[in-house]
Every structure is written in structure tokens, then in C-alpha cells.
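Single-structure report; data block below.
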2 protein chains.
Amino acid sequence: MHDVLAWKKVYASMANAVWDTGVPTFIAVREEIDAILADFVNTQEQAAPGTEVASLFTTVRRLLFSNGKRLRPLLCVAGWQAAGAPGGSRAVLRVAAALELFQTFALIHDDVMDDSDVRRGGPSAHRALAADYVKAGGLRSRAETHGRGAAVLLGDLLLVWSDKMLAGAGLGTRAQARVLPLVDSMRAELVYGQYLDLLSTGRIPQDVGAVLRVARYKTGKYTVERPLHLGIALADGGLQLQQDCSAFAIPLGEAFQLRDDLLGVFGNPVQTGKPVGDDIREGKATVLLALAAQSASKVERRLLDALVGKPDLDCEDIGRVRTILESTGARQQVEAMITSRRDAAFAALERADLPPHVTETLQQIVWMATERYA
Amino acid sequence: MHDVLAWKKVYASMANAVWDTGVPTFIAVREEIDAILADFVNTQEQAAPGTEVASLFTTVRRLLFSNGKRLRPLLCVAGWQAAGAPGGSRAVLRVAAALELFQTFALIHDDVMDDSDVRRGGPSAHRALAADYVKAGGLRSRAETHGRGAAVLLGDLLLVWSDKMLAGAGLGTRAQARVLPLVDSMRAELVYGQYLDLLSTGRIPQDVGAVLRVARYKTGKYTVERPLHLGIALADGGLQLQQDCSAFAIPLGEAFQLRDDLLGVFGNPVQTGKPVGDDIREGKATVLLALAAQSASKVERRLLDALVGKPDLDCEDIGRVRTILESTGARQQVEAMITSRRDAAFAALERADLPPHVTETLQQIVWMATERYA
């Protein structure tokens, strides 16, 4: 399973994979999550003040149903099954769907903070809402301010919705007592992680360890570890299982972020749905950049200092930075870091001794998270 | 009670007022809420990733403990007592404190959206966070972007905290089932109200009814009606009591917003803690402006069109607009609207036939909300 060829076979067959015990396939989970989300958004729209807020709903639907990976819901269901619970109950699917609403909240606010134009192959929420505003006769001079404000509100709404979805999951008092503290931790971790990220943006980072710590907060926990923990907690799995899954989740979360960093610079924008080089323009503190700076010659370092964090870099400038990221060996080092973390995740998985169909699912998720193109 | 002189006596004695049945005074409720909030923020700080996030905590403490009116917590406790529940239980005080966290979330994001410099006599959250960032050696060129992003995150954190405070209030399953749907409605109403407000900003409004509708969503419900309903629901008060309180809350909520509008233009900035005229610079769609536009001469109208919604108006420009708001009679009309709504609230209170100490509390709150200077 650990080499790419074998993975490609697994990945190709995944579309039709049925887990041993007849538990839902990836696709089935995705479809169920989609149906729950569609139904939920429709219900919210009926309770909304009317057609004046239509743009909020158009925007949120586009973001929610644009072929996302649904990685967090899948991990939540996997955690639930790791604890020996069968199939996908209504409760676990709704908790999983709440994670997707939470993720959409995070994306919307993240794009506002980074002033990103594009998300999932379309305009980011604030750009879409600004365009709708102008189309509806709004003042062009206010469009940017309007879009930003409206996207802050839309993110708030998604955060409120994710909470509402959770409250409506029909958890009993005891399940709530197990699940809610985890949700609280996850939400606070994301905010702190994003804030630490913001503090470190605009400067070439020195310390790989410090960058990885921020990544753990801003991505790893809410992308991998907390979804697994939530599923386990729902099924009343024990502390040992939580720890086993953390041993798997922490390296995988880091690998996920490292892949994200590479895709942001070397990815195909048609596949990622995001323009190339935005991280460089913003001056995001990535491991990739830290490693490049460590090995850069004086000339390369001067060029990095001159280019990184400048919002108006053109294609050629981005190309120059890419060249340095290659010539310093940083790109290869990050690839190696992904591989070693992937291996660590696989090893943790073997040690964890989960039911075979769960192990297989999580192996597939490791490949999805680390060898993706989007 | 209905004339201002009598009110002044009540208001002056309020500091020492003890309610008939020995239930907490206004001051006692405030103190208990303050203590709960201080304790809660300390606990969150201990769980936070360390000193790197110190600015978030400094900022939030300044906003939370800067002598706010605590109007929403007071109303929540009043609703609880209106339903016949005694004193202030731990549960109701924590729900009331959650309302204050929610309000602080709303203020922080509102200031980001309006790009306001000042809040409660100090810098708004995004300005404070930008200043801290520069003080800590952050890049001056990134300060504004940083401050805005950090304030979006801080608002998110406060929203998450308000939810956490609520989850820790120790409500039983039944109380939760009564309370949570109201909280959900309140949160969605605020977001929609703010969005409708944003859509109507930048233009002189035509229709007083439409402006009042937005005010109901963005202010009235979460400031007056929902806090009362929450207190009632906690104490398991009936539907009739909820309706009686709505009949009181809806006019009071409108009067509260109308007073806010007047204070924004004619208030004393030392008392309001906000600069004069920001609403005019932003082009907020207020009833005040709608009425002025309706009665303006051609010359006045041209002047309004030229000045309202221009971010760089100076003191003299604001003075010109104020003159028109007076000469058209708009200011007096809004004062009359406040008075008639205040009377409607008093009349609804008499009809509601609540326990005498609750009636007295709510009467005092009416004065606080409509005759305030801040």
C-alpha cells in the first residue's frame, strides 16, 4: 500500500469501493452529507427574511456544493466506525455535516483576511457578494467594502449554522457532554491558529518547528484529529482509541498542510481552483519558504526578501520564487517531509489495530490528503 | 412615571434601588455578570496557546469591561423573574453573560464592516489589534490588513465563547429545548439584519417603514425581545407571557435604535464613546435621514446628496447635515417617535400585569434605553 502505484490502484477503485461490512462507501457518505446540507440550507432559506438575502444563499450553495473533498465528514464517520459503531447513524452524519458548515465558515473568513479572489474555481465569497451588489444596482465605489462586510456576515451565519446543525443532531445528554467540549476546543484552536498565522504573515520564517506548530493549530487539528475524535466520542470510544487516532492524525495533519503549501505554489490552478502564487504574494509563513531561506545563497535570499509578501507580483516574479524553491532543494525537502509523515501515519494506523474496513478507509484518506491535486 | 422629571428621580435612585422581593439590584446583576465574564475569560486564556495571543485578550477585556450598559443581561434576568422565577440562578446569569459575549462579537464585526475607529471611548478592536501588531514589530504596511483580519478572528472567538458559556450554563434537556431555538433565531436575525443594513448603506433612504424593519432585525430583536424571551423560556414561562413581552419589546427596540441614531449625530462623544457623524460619513440608512429627505427643500436635498455617505466629511460638513436634520424637523419627529414608542412600551407593560418588582425594573429599563446619553 505504501508506494504510489499501489495507491493509484486503490484510489481508482475507490469510487466503487464498498467497505467489508457493508458500511457506507465514501461516495455514499458524500451523498448523504450533501443531502443533509441541501435540506438544511433550504430550511434556513425558508426562515430567512426574504428575497433580499438571496445573494447569501446563492454564494453559500456554490461554496458548499462545489465538489469539496468532504475530508472532515469522512474522518468523523471513520472515527465513529473505529469505535465499533456500525454504518452511519443520523447523529454521526449530522455531526459530520456540521463540520462541513464549520469548514465553509473558516474558508469564507480566511478569504476575507487574505483578500483572496478565488475559491474552488469561482470567486471567493466576498468577491461574489460584491459582484451581486453591483449587479443589483449597488454603488460601484462601495462594492469592495460591501463584499467584505457581507462575507464577514456570511461566515458568521455559517458558524451559527454549524452549531445549529449540531444542536439538531439529536445527541443525548451524555453524547453531548462528550462531543461539545471537543467542538469547543476545535473552534478555539482554529481561531488561534489563524491568528498565529496572521501574526507570522509578511515575513520569511526562520524556524520550521514554529511554522509546523502554527499548522497544527490552524489546519491539522480541525482537519484530521478533531473530526476523528468527534466520531469516536459520539460512539463512546475510549481514551486509548483517541490517543491511537491522534498518533495517526498529527503527522497526517502536517502532511496535509505541507501538500497544501506545495499546491499553492506548484499546483495546477485548474485543479486546485486557486491561482498559483497567492501564498507568495501574501507572504504566508510556510515550511517551504523557511527551508528555502535556510539554504538560499546570498543572491537568492535577496531576491526572496524583495519578492515575498508583495501583493502585486506578476507571473514572472512568481516564476523566480519557484525557481529558488526548487534550486534550494526546499520543494524536494517538503516532499520528503510529506512522505515521512505519511509513513508515520501508516505506521500509527498499523499499531492502532482498528477494524480492517476502518484501517482501509483511513489508508485511502491518507492518500487522498497527501497525494491530491486539489 | 411617564414624565421626564419623575424619571430623573427614579433614575437617580436606581443606583441604590433594591427590588421589593430582595431580588438582585441592577448593580448586583451587573456585578455578578462581570464576575462570571472575568472568570470565563481567565479560563479561556489559560487554555490558549500562550503569550502570542495576548493582544486578543487585552482587546477583549477592554471591550467587555468598559462600563457597558449590560442591557441584554438585565432584560434576560427580568424575563426570568417575569415568569415568576426567584432571584438570579446560576443558569440565568450564565445565559445573560452569554448574551454579553454575543453582543461583543457583534460590535467587533460591526466595527470591521463600518471601518469605525472608536468604540466605547477607546480604539475599536481592529484598530487596537493593528496598533499592538506594530508595537510588537509588525510591518507598518500590513497593519491595517492585520488589524482587520485579527478582529474578524476575535469576533469569531467571542461568538464561539458565547456558545460555550451557554453550553456550560447547566441547562437540563428540557430547558435546552426551550432556549436553544431562541438563541438560534436571535443569531440568524442579527446576521440578516446587519446584512440588510449593509445593503441599504450609502444611499439616502426613502421609506421609513423599510428602515424600521431593518432596525427590528439588526437591533430590536437581539437587544430587547430575545433577551426577555430567553429569560422567560429558561423559567418555563408560557406563550402568553412571551407575547405580552413582545408587545413591550418591539416598540422599545425601535425606540432604542432611534435613540442610537440621534446619539450618533447629536450625542456628546465624551459620553457616547463614539465620534459624532460616523453614521453620516458611512451613509447609514436611518429614519432620521429618511425623514429629513422627505421634508428637505431642493437646496437641502442637493446638499444631503452631496454629503451623506462621503467618508472624508469634516466637522463643518457634519455641521451642515445636522442643520438640515434640525431645519427639516427630522430630529423633532424622531424624538416624537421615541416618545410614542416609549409610551407604547409603558402601556404594554401595564397590560401585561407582571409582578410589581418586574414592572418597575422594566420601567427603569425603558428609561435607560430611550433617555440615555451613551
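Simple scheme: letters A, B, ... for chains in C-alpha cells order, numbers from 1 for residues in each chain, numbers from 1 for ligands in the order shown.
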- Message: Within 8 Å of chain A, which residues belong to chain B? Use only C-alpha atoms and report them as a VMD selection string.
- Response: chain B and resid 48 to 49 52 to 53 109 112 to 114 133 138 to 139 142 145 to 146 148 to 150 152 to 154 156 to 157 160 164 167 173 180 184 187 to 188 191 to 192 194 to 196 198 to 199 202
- Write out as a PyMOL selection string each polymer residue whose atoms come within 10 Å of region 62-75 of chain A, counting only C-alpha atoms; drop sequence neighbours fewer than 4 positions from it. chain A and resi 25-27+29-30+33-34+37-38+41+57-58+79-81+92-101+103-104+107-108+119-125+222-231+249+361-362+365+368-369+374
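Here CA of Pro275 (chain A) and CA of Glu316 (chain A) stand 14.0 Å from one another.
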- Find the spatial neighbours of Phe248 (chain A), counting only C-alpha atoms, within a cut-off of 12 Å - ignore same-chain residues fewer than 6 positions away - and output them as JSON, numbers by chain. {"A": [75, 79, 220, 221, 224, 225, 226, 228, 229, 241, 242, 254, 255, 341, 342, 343, 344, 345, 346, 347, 348, 349, 350, 351, 352, 353, 354, 359, 362, 363, 365, 366]}
N, CA, C and O atoms of the current selection, written as a CSV table (one decimal), in the first residue's frame:
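Contents of out_10.csv, as written:
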chain,number,residue,atom,x,y,z
A,75,LEU,N,-13.7,11.6,7.9
A,75,LEU,CA,-12.9,11.3,9.0
A,75,LEU,C,-13.8,11.1,10.3
A,75,LEU,O,-13.5,10.2,11.1
A,79,GLY,N,-14.0,7.7,12.4
A,79,GLY,CA,-13.8,7.7,13.8
A,79,GLY,C,-14.9,6.9,14.6
A,79,GLY,O,-14.7,6.1,15.4
A,220,GLY,N,-4.2,21.2,11.1
A,220,GLY,CA,-4.1,19.7,11.5
A,220,GLY,C,-5.3,19.3,12.4
A,220,GLY,O,-5.9,18.3,12.1
A,221,LYS,N,-5.5,20.1,13.4
A,221,LYS,CA,-6.4,19.7,14.4
A,221,LYS,C,-7.9,19.6,13.9
A,221,LYS,O,-8.6,18.7,14.0
A,224,VAL,N,-8.1,16.9,10.7
A,224,VAL,CA,-7.9,15.5,10.9
A,224,VAL,C,-8.2,15.0,12.3
A,224,VAL,O,-9.1,14.2,12.5
A,225,GLU,N,-7.5,15.6,13.2
A,225,GLU,CA,-7.6,15.0,14.6
A,225,GLU,C,-9.0,15.2,15.2
A,225,GLU,O,-9.6,14.2,15.7
A,226,ARG,N,-9.5,16.4,15.2
A,226,ARG,CA,-10.8,16.6,15.8
A,226,ARG,C,-12.0,15.9,15.2
A,226,ARG,O,-12.8,15.4,15.9
A,228,LEU,N,-11.9,13.0,13.7
A,228,LEU,CA,-11.8,11.6,14.2
A,228,LEU,C,-12.2,11.5,15.6
A,228,LEU,O,-13.0,10.7,16.0
A,229,HIS,N,-11.7,12.4,16.5
A,229,HIS,CA,-12.1,12.4,17.9
A,229,HIS,C,-13.6,12.6,18.1
A,229,HIS,O,-14.2,11.9,18.9
A,241,LEU,N,-8.3,4.7,22.3
A,241,LEU,CA,-8.6,4.9,20.8
A,241,LEU,C,-8.3,6.3,20.4
A,241,LEU,O,-7.7,6.6,19.3
A,242,GLN,N,-8.7,7.3,21.2
A,242,GLN,CA,-8.4,8.7,20.9
A,242,GLN,C,-6.9,8.9,20.7
A,242,GLN,O,-6.5,9.6,19.8
A,254,GLU,N,-0.1,17.4,9.5
A,254,GLU,CA,1.0,18.2,9.0
A,254,GLU,C,1.3,17.9,7.5
A,254,GLU,O,1.5,18.8,6.7
A,255,ALA,N,1.2,16.6,7.1
A,255,ALA,CA,1.4,16.3,5.7
A,255,ALA,C,0.3,17.0,4.8
A,255,ALA,O,0.7,17.5,3.7
A,341,ARG,N,5.9,11.8,7.0
A,341,ARG,CA,4.7,11.9,7.8
A,341,ARG,C,3.6,10.9,7.3
A,341,ARG,O,2.9,10.4,8.2
A,342,ARG,N,3.6,10.7,6.0
A,342,ARG,CA,2.6,9.7,5.5
A,342,ARG,C,3.0,8.4,6.1
A,342,ARG,O,2.1,7.6,6.6
A,343,ASP,N,4.3,8.0,6.1
A,343,ASP,CA,4.7,6.7,6.6
A,343,ASP,C,4.4,6.6,8.1
A,343,ASP,O,4.0,5.6,8.6
A,344,ALA,N,4.6,7.7,8.8
A,344,ALA,CA,4.3,7.7,10.2
A,344,ALA,C,2.8,7.5,10.5
A,344,ALA,O,2.5,6.8,11.4
A,345,ALA,N,2.0,8.1,9.6
A,345,ALA,CA,0.6,7.9,9.8
A,345,ALA,C,0.2,6.4,9.5
A,345,ALA,O,-0.6,5.8,10.2
A,346,PHE,N,0.8,5.9,8.5
A,346,PHE,CA,0.5,4.5,8.2
A,346,PHE,C,1.0,3.6,9.3
A,346,PHE,O,0.3,2.6,9.7
A,347,ALA,N,2.2,3.9,9.9
A,347,ALA,CA,2.7,3.1,11.0
A,347,ALA,C,1.8,3.2,12.2
A,347,ALA,O,1.4,2.1,12.8
A,348,ALA,N,1.3,4.4,12.5
A,348,ALA,CA,0.4,4.6,13.6
A,348,ALA,C,-0.9,3.8,13.4
A,348,ALA,O,-1.5,3.2,14.3
A,349,LEU,N,-1.3,3.8,12.1
A,349,LEU,CA,-2.5,3.0,11.8
A,349,LEU,C,-2.4,1.5,12.1
A,349,LEU,O,-3.3,0.9,12.6
A,350,GLU,N,-1.2,1.0,11.7
A,350,GLU,CA,-1.0,-0.4,11.9
A,350,GLU,C,-1.0,-0.7,13.4
A,350,GLU,O,-1.6,-1.7,13.9
A,351,ARG,N,-0.3,0.1,14.2
A,351,ARG,CA,-0.2,-0.1,15.6
A,351,ARG,C,-1.6,0.0,16.3
A,351,ARG,O,-1.9,-0.6,17.3
A,352,ALA,N,-2.5,0.8,15.7
A,352,ALA,CA,-3.8,1.1,16.3
A,352,ALA,C,-4.7,-0.1,16.3
A,352,ALA,O,-5.6,-0.3,17.1
A,353,ASP,N,-4.5,-1.0,15.3
A,353,ASP,CA,-5.2,-2.3,15.3
A,353,ASP,C,-6.7,-2.0,15.3
A,353,ASP,O,-7.5,-2.5,16.1
A,354,LEU,N,-7.2,-1.2,14.3
A,354,LEU,CA,-8.6,-0.9,14.1
A,354,LEU,C,-9.3,-2.0,13.3
A,354,LEU,O,-8.6,-2.9,12.7
A,359,THR,N,-9.4,0.6,8.9
A,359,THR,CA,-8.0,0.8,8.5
A,359,THR,C,-7.9,1.1,7.0
A,359,THR,O,-7.2,2.1,6.6
A,362,LEU,N,-9.1,4.6,6.3
A,362,LEU,CA,-8.1,5.6,6.7
A,362,LEU,C,-6.9,5.6,5.8
A,362,LEU,O,-6.3,6.7,5.6
A,363,GLN,N,-6.5,4.5,5.4
A,363,GLN,CA,-5.4,4.4,4.4
A,363,GLN,C,-5.7,5.2,3.1
A,363,GLN,O,-4.9,6.0,2.6
A,365,ILE,N,-7.8,7.6,3.0
A,365,ILE,CA,-7.8,9.0,3.3
A,365,ILE,C,-6.4,9.6,3.4
A,365,ILE,O,-6.2,10.7,2.9
A,366,VAL,N,-5.4,8.8,3.8
A,366,VAL,CA,-4.0,9.3,3.8
A,366,VAL,C,-3.6,9.6,2.4
A,366,VAL,O,-3.1,10.7,2.2
- Which of region 48-146 of chain B counts as strand (DSSP E or B) under DSSP, as a ChimeraX atom specification please? /B:118-119,122-123
- region 66-300 of chain A: which residues are helix (DSSP H, G or I) by DSSP, as a PyMOL selection string? chain A and resi 71-82+90-114+125-135+140-167+173-200+208-234+239-266+269-272+278-282+287-295+298-300
- Query: If you count only C-alpha atoms, which residues fall within 8 Å of Gln294 (chain A), apart from same-chain ones fewer than 3 positions away, as a list in words?
  - Reply: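 Near Gln294 (chain A), the qualifying residues are Gln206, Ala290 and Leu291 of chain A.
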- Item | Atomic separation - CA of Leu252 (chain B) relative to CA of Ala296 (chain B), Å |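 CA of Leu252 (chain B) lies at a distance of 28.2 Å from CA of Ala296 (chain B).
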Counting only C-alpha atoms, what is within 7 Å of Val308 (chain B), bar same-chain residues fewer than 4 positions away, as a compact mmCIF listing (two decimals) with all heavy atoms, in the first residue's frame?
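Dumped to selection_3.txt:
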# COMPACT_ATOMS: atom_id res chain seq x y z
N ILE B 280 -23.30 59.45 9.27
CA ILE B 280 -23.47 60.29 8.08
C ILE B 280 -22.35 59.99 7.08
O ILE B 280 -22.59 59.84 5.89
CB ILE B 280 -23.46 61.79 8.48
CG1 ILE B 280 -24.66 62.07 9.38
CG2 ILE B 280 -23.47 62.68 7.25
CD1 ILE B 280 -24.64 63.43 10.03
N ARG B 281 -21.13 59.87 7.60
CA ARG B 281 -20.00 59.55 6.72
C ARG B 281 -20.20 58.21 6.02
O ARG B 281 -19.89 58.03 4.85
CB ARG B 281 -18.70 59.51 7.51
CG ARG B 281 -18.20 60.86 7.95
CD ARG B 281 -16.82 60.79 8.58
NE ARG B 281 -16.49 62.08 9.19
CZ ARG B 281 -16.74 62.40 10.45
NH1 ARG B 281 -17.29 61.51 11.27
NH2 ARG B 281 -16.46 63.60 10.92
N GLY B 283 -23.07 56.83 5.48
CA GLY B 283 -24.33 56.80 4.75
C GLY B 283 -25.27 55.73 5.27
O GLY B 283 -25.94 55.03 4.50
N LEU B 304 -27.68 67.25 1.00
CA LEU B 304 -27.68 65.90 1.59
C LEU B 304 -27.05 64.90 0.61
O LEU B 304 -26.19 64.10 0.98
CB LEU B 304 -29.11 65.44 1.93
CG LEU B 304 -29.77 66.04 3.18
CD1 LEU B 304 -31.19 65.50 3.33
CD2 LEU B 304 -28.96 65.75 4.43
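One finds CA of Leu182 (chain A) at 14.1 Å from CA of Ser162 (chain A).
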- Neighbour list for region 257-260 of chain B as a list in words, cut-off 10 Å, only C-alpha atoms, skip fewer than 6 positions in-chain: Leu212, Ala215, Arg216, Lys218, Thr219, Gly220, Thr223, Phe266, Gly267, Thr272, Thr286, Val287, Leu288, Val334, Glu335, Met337, Ile338, Arg341, Ala369, Thr370, Glu371, Arg372, Tyr373 and Ala374 of chain B
Dump as a PDB file, in the first residue's frame, selection limited to C-alpha atoms:
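Result written to out-v5.pdb:
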ATOM      1  CA  LEU B 212     -37.687  50.402  10.815  1.00  0.00           C
ATOM      2  CA  ALA B 215     -33.818  48.120  12.729  1.00  0.00           C
ATOM      3  CA  ARG B 216     -36.139  45.438  14.092  1.00  0.00           C
ATOM      4  CA  LYS B 218     -30.493  44.253  13.428  1.00  0.00           C
ATOM      5  CA  THR B 219     -31.174  45.768  16.856  1.00  0.00           C
ATOM      6  CA  GLY B 220     -34.613  45.353  18.335  1.00  0.00           C
ATOM      7  CA  THR B 223     -31.344  43.872  22.194  1.00  0.00           C
ATOM      8  CA  PHE B 266     -26.243  64.863  18.117  1.00  0.00           C
ATOM      9  CA  GLY B 267     -24.666  62.955  21.035  1.00  0.00           C
ATOM     10  CA  THR B 272     -21.197  58.008  23.743  1.00  0.00           C
ATOM     11  CA  THR B 286     -31.570  55.863   9.365  1.00  0.00           C
ATOM     12  CA  VAL B 287     -35.137  57.018   9.994  1.00  0.00           C
ATOM     13  CA  LEU B 288     -33.633  60.414  10.817  1.00  0.00           C
ATOM     14  CA  VAL B 334     -37.606  61.200  15.680  1.00  0.00           C
ATOM     15  CA  GLU B 335     -37.853  62.464  19.265  1.00  0.00           C
ATOM     16  CA  MET B 337     -41.342  58.710  17.523  1.00  0.00           C
ATOM     17  CA  ILE B 338     -39.213  57.720  20.515  1.00  0.00           C
ATOM     18  CA  ARG B 341     -42.843  54.130  21.280  1.00  0.00           C
ATOM     19  CA  ALA B 369     -32.866  52.598  26.762  1.00  0.00           C
ATOM     20  CA  THR B 370     -34.619  55.694  25.496  1.00  0.00           C
ATOM     21  CA  GLU B 371     -33.278  58.620  27.520  1.00  0.00           C
ATOM     22  CA  ARG B 372     -29.662  57.652  27.616  1.00  0.00           C
ATOM     23  CA  TYR B 373     -26.656  59.748  26.704  1.00  0.00           C
ATOM     24  CA  ALA B 374     -24.440  56.814  25.728  1.00  0.00           C
TER      25      ALA B 374
END
